[in-house]
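Note sheet for the following structure.
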Amino acid sequence: MFKRFRRLRINPAIREMVRETSVCASDFIYPLFVVEGKGVKKEISSMPGVFQMSLDEILKECEIVRNLGIKAVILFGIPSLKDSVGSDALSDEGIIATALRAIKDKFPDLVVITDLCFCEYTDHGHCGILDHVHQTVDNDATLEISAKQALIHARNGADMIAPSGMMDGIIATLRGALDLSGYENLPIMAYSTKFASAYYGPFRDVAESAPSFGDRKSYQMDPANRLEAVSESLEDEAQGADILMVKPALAYLDIIRDLREATRLPICAYNVSGEYALLKAAAKAGVIDYERVMMETLVGFKRAGADLIISYHAKEAAALLRK
């Protein structure tokens, strides 16, 4: 006698009835990149289907996203003028603050998450104030201006803040600043396990955030470290994070699973630009069934333990799920 597993695979209806893992449009968070100007919709060559957009085009995109059943976007700002401290990010008239007000005014039901960092706003491309002696980012000085940035996001309508700079103590700093200013109910999604990954390459094209010197290995995680990865996220949980994240996702499914077993908080997987670009390139080369591979990849993130997925595939996937 042996078990006939095929009994529960014999037709599509039964397969769907016993399916253990599912993906739906409300799992997705779609990245948006806002630039200055009007009528701007510039496709990124390394990321087909991903655009830098002026605010008028961003608002059109939000309408599309909402109609597909996607509940949330994550907003990145790309100012035309950058300086050593990212001044645009510290202004209520900066590109993120302006975009926030406009999006929330037109789409109050759309969850707008703001990426909180300085790499897109600085002329050196690093994630905060520089420590010139050690050729890295000054952790504690960056915490101070990050708190100011968080309050600007809160004042201008952010539904959630996602600090991506990987500064030690960032969650405690932001939680304290937000609570003291009356934003105790504003959630924080921590980039809690963020690796110094080569998979970020195309993102630096769209966000114009490549470092002008060196790299980010002193403040982002070593891809070889599994135990440290979980410790990083649990530390952010202890400091008050509401959602944890693993970034990138595809090469780090083991970390998503480890973290799922270590926490009860929601987990977000960031399906990053390099992962997206690889599938697009493979589709163009005709070597994969793009839609099937895309959906299989997204299911893999959920099966590993993710609750939410930031993905450039989100619109395509949501449209497929409607069929």
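Just remember, in the structure tokens the first chain shown is A, the second B, etc., residues are 1-based per chain, and ligands are 1-based in the order shown.
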
Distance table requested - segment 292-313 of chain A against segment 237-257 of chain A, cut-off 7 Å, only C-alpha atoms: one row per qualifying residue with the closest atom pair and its distance in Å to one decimal, ordered by chain and rising residue number, as a Markdown table.
| residue | atom | partner | partner_atom | distance |
| --- | --- | --- | --- | --- |
| A:Phe301 | CA | A:Leu253 | CA | 6.9 |
| A:Ala304 | CA | A:Arg257 | CA | 5.1 |
| A:Gly305 | CA | A:Arg257 | CA | 5.5 |
| A:Ala306 | CA | A:Ile256 | CA | 6.7 |

Selection to disk with C-alpha atoms, as a JSON list (two decimals), in the first residue's frame:
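For reference, selection35.json as written:
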[["chain", "number", "residue", "atom", "x", "y", "z"],
["A", 301, "PHE", "CA", 7.98, 34.37, -1.14],
["A", 304, "ALA", "CA", 8.67, 30.94, 2.75],
["A", 305, "GLY", "CA", 6.70, 33.05, 5.25],
["A", 306, "ALA", "CA", 6.22, 36.55, 3.84]]

Which segment 64-155 of chain A residues have any atom within 8 Å of an atom of segment 27-32 of chain A, and for each, what is the nearest pair of atoms with distance in Å to one decimal, counting only C-alpha atoms, rows sorted by chain and number, as a Markdown table?
| residue | atom | partner | partner_atom | distance |
| --- | --- | --- | --- | --- |
| A:Val65 | CA | A:Tyr30 | CA | 7.9 |
| A:Ile70 | CA | A:Phe28 | CA | 6.2 |
| A:Lys71 | CA | A:Ile29 | CA | 7.2 |
| A:Ala72 | CA | A:Ile29 | CA | 4.9 |
| A:Val73 | CA | A:Tyr30 | CA | 4.5 |
| A:Ile74 | CA | A:Pro31 | CA | 4.8 |
| A:Leu75 | CA | A:Leu32 | CA | 5.0 |
| A:Phe76 | CA | A:Leu32 | CA | 6.1 |

For those residues, write C-alpha atoms to a file as a CSV table (one decimal), in the first residue's frame.
chain,number,residue,atom,x,y,z
A,65,VAL,CA,-2.9,50.5,-9.1
A,70,ILE,CA,-3.5,46.8,-5.0
A,71,LYS,CA,-3.9,48.5,-1.6
A,72,ALA,CA,-0.5,50.1,-1.1
A,73,VAL,CA,2.4,51.9,-2.8
A,74,ILE,CA,5.9,52.7,-1.5
A,75,LEU,CA,7.0,56.2,-2.6
A,76,PHE,CA,10.6,57.2,-3.5

Two-atom distance - atom CA of Val18 of chain A, atom CA of Glu291 of chain A (Å):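 Atom CA of Val18 of chain A sits 22.4 Å away from atom CA of Glu291 of chain A.
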
Contacts of Gln52 of chain A within 6 Å, only C-alpha atoms, excl. fewer than 2 positions in-chain, as a list in words: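 Here the qualifying residues turn out to be Phe33, Val34, Lys41 and Lys42 of chain A.
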
Can I get the selection written as a compact mmCIF listing (two decimals), in the first residue's frame, with N, CA, C and O atoms?
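This went into out.txt:
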# COMPACT_ATOMS: atom_id res chain seq x y z
N PHE A 33 8.27 56.08 -8.23
CA PHE A 33 9.42 56.98 -8.21
C PHE A 33 9.01 58.33 -8.77
O PHE A 33 8.73 58.45 -9.97
N VAL A 34 8.96 59.33 -7.91
CA VAL A 34 8.47 60.64 -8.33
C VAL A 34 9.64 61.59 -8.57
O VAL A 34 10.59 61.66 -7.78
N LYS A 41 7.36 60.77 -17.92
CA LYS A 41 7.22 59.32 -17.70
C LYS A 41 8.37 58.66 -18.44
O LYS A 41 8.27 58.31 -19.61
N LYS A 42 9.46 58.50 -17.72
CA LYS A 42 10.72 58.05 -18.31
C LYS A 42 10.98 56.60 -17.93
O LYS A 42 11.20 56.27 -16.77

Per-residue DSSP, segment 119-312 of chain A, filtered to alpha helix (DSSP H), as a PyMOL selection string: chain A and resi 139-155+170-180+201-207+227-239+253-262+273-285+290-304

Contact residues around Arg66 of chain A with only C-alpha atoms at 12 Å, ignoring same-chain residues under 6 positions, as number ranges by chain: A: 25-26, 28-30, 59-60, 72-73, 103, 106-112, 314-315, 318-319

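In this structure, atom CA of Asn67 of chain A sits 17.3 Å away from atom CA of Val23 of chain A.
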
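Each of A:Leu68, A:Ala102, A:Pro266, A:Glu93 was checked against Asp56 of chain A using only C-alpha atoms; the smallest atom-to-atom distance is that of A:Ala102.
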
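Pairwise distance (atom CA of Gly165 of chain A, atom CA of Gly94 of chain A) equals 18.9 Å.
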
Per-residue DSSP, segment 153-276 of chain A, filtered to strand (DSSP E), as a list in words: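 Result set for segment 153-276 of chain A (strand (DSSP E)): Met160, Ile161, Ala162, Pro163, Thr193, Lys194, Leu244, Met245, Val246, Lys247, Ile267, Cys268, Ala269, Tyr270 and Asn271 of chain A.
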
Grab the residues selected above and save them as a short mmCIF file (atom, residue, chain, number, x, y, z; two decimals), in the first residue's frame with N, CA and C atoms.
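Contents of selection_13.cif, freshly written:
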data_model
loop_
_atom_site.label_atom_id
_atom_site.label_comp_id
_atom_site.auth_asym_id
_atom_site.auth_seq_id
_atom_site.Cartn_x
_atom_site.Cartn_y
_atom_site.Cartn_z
N MET A 160 2.47 55.00 6.52
CA MET A 160 3.47 54.13 7.13
C MET A 160 4.83 54.64 6.69
N ILE A 161 5.82 54.50 7.57
CA ILE A 161 7.18 54.93 7.26
C ILE A 161 8.09 53.72 7.21
N ALA A 162 8.95 53.67 6.19
CA ALA A 162 9.85 52.54 6.01
C ALA A 162 11.29 53.04 5.90
N PRO A 163 12.02 53.08 7.01
CA PRO A 163 13.41 53.55 6.97
C PRO A 163 14.34 52.49 6.38
N THR A 193 16.23 43.41 7.82
CA THR A 193 17.31 42.54 7.35
C THR A 193 17.57 42.92 5.89
N LYS A 194 18.48 43.83 5.70
CA LYS A 194 18.80 44.36 4.36
C LYS A 194 20.26 44.09 4.06
N LEU A 244 8.46 43.71 9.75
CA LEU A 244 9.86 43.43 9.46
C LEU A 244 10.02 43.12 7.97
N MET A 245 11.24 43.22 7.48
CA MET A 245 11.47 43.01 6.05
C MET A 245 12.75 42.23 5.82
N VAL A 246 12.73 41.43 4.75
CA VAL A 246 13.94 40.81 4.23
C VAL A 246 14.14 41.34 2.81
N LYS A 247 15.32 41.85 2.54
CA LYS A 247 15.64 42.46 1.25
C LYS A 247 17.09 42.14 0.91
N ILE A 267 5.76 40.01 8.04
CA ILE A 267 7.04 40.06 7.33
C ILE A 267 6.78 40.48 5.89
N CYS A 268 7.60 41.42 5.43
CA CYS A 268 7.55 41.87 4.04
C CYS A 268 8.79 41.38 3.31
N ALA A 269 8.60 40.83 2.12
CA ALA A 269 9.72 40.46 1.25
C ALA A 269 9.84 41.52 0.17
N TYR A 270 11.04 42.07 -0.01
CA TYR A 270 11.26 43.05 -1.07
C TYR A 270 11.84 42.32 -2.28
N ASN A 271 11.01 42.14 -3.29
CA ASN A 271 11.38 41.52 -4.57
C ASN A 271 12.09 42.60 -5.40
#

Residue contacts of Leu174 of chain A (8 Å, only C-alpha atoms) excluding same-chain residues fewer than 6 positions away, as a PyMOL selection string: chain A and resi 146-147+150
